[in-house]
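Inspection log for the structure reproduced underneath, given as structure tokens.
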Amino acid sequence: MQLQIIVVFSLLACACAQVSQPPSYKEKYPDHYKFAKTARHPRDVTWIRRTGDGRVFGTLSALEEKLIGKAGYRQDIFNDGRGVLTGEAYGSRVLSPNGDNSYVGGKLDWVNANKNADASFALTKEMGGLTNAAATASKVWNLDKNTHVSAGGTVSQDLGHGKPDVGLAAKFEHVW
């Protein structure tokens, strides 16, 4: 009888320890599910396989009432004194009670050898929807040891509809 009482209290203590939280938890993480780590198990499956010069990747996951899948291929086109140029093609599918979406896309990313300039270009297409093109570029100039000037820009447009969205930014930084 005494052993049964000890076992019951031990199980109760373990259960309380799994779902209890430190006093400051709510203040630090107000939007986090309280018992998410004990009540749910991760439902994501991610894989990456090397094929020839590139990599094939994929992810399957479930989020609330949605099922999400993404797969693609990524390859370094060149990696030398000019920098690194990476190409990627991908597709994704989202299934949900509110409607389904399918996307396909491609992207080119370039970073120069000194890592002070980069550019990217992306095309995405929603099946039954619009095609979007987006380009970004940025550069950093080191004027001296403590002075830097950086500039960048972005252009994005749904092809065949309206004018493009354009963004520019510049920054001058001097550290004393």
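Just so we're on the same page: first chain in the structure tokens is A, next is B, and so on; residues restart at 1 for each chain, and ligands are numbered from 1 in the order they show up.
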Near-range 170-172 of chain A list (9 Å; only C-alpha atoms; drop same-chain fewer than 6 positions) as an NGL selection string: :A and (147-153)
Looking at A:Gly87, A:Gly54, A:Gly81, A:Gly99, which one is nearest to Lys66 in chain A, with distances taken over only C-alpha atoms?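 Result for the nearest residue to Lys66 in chain A: A:Gly99.
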Between A:Val166, A:Val140, A:Leu123, A:Ala89, smallest distance to Arg55 in chain A by only C-alpha atoms belongs to A:Ala89
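Interatomic distance, CA of Asn112 in chain A to CA of Ala133 in chain A: 22.3 Å.
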Hey, which of A:Val84, A:Ser102, A:Trp47, A:Leu95 ends up closest to Ser120 in chain A? Count only C-alpha atoms.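 Selected residue with least distance to Ser120 in chain A: A:Val84.
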Among range 32-143 of chain A, which residues does DSSP mark as strand (DSSP E) when it is run on the backbone? Keep the chain and numbering as in the structure and answer as an MDAnalysis selection string. chainID A and resid 45:51 54:63 66:80 83:95 101:111 117:126 131:142
Provide the CA of Arg93 in chain A to CA of Val56 in chain A distance in Å, to one decimal place.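 Atom-to-atom, CA of Arg93 in chain A and CA of Val56 in chain A are spaced 16.7 Å apart.
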Test item: residues at most 7 Å from range 103-105 of chain A, only C-alpha atoms, excluding those fewer than 6 positions along its chain, as number ranges by chain: A: 89-93, 123-127
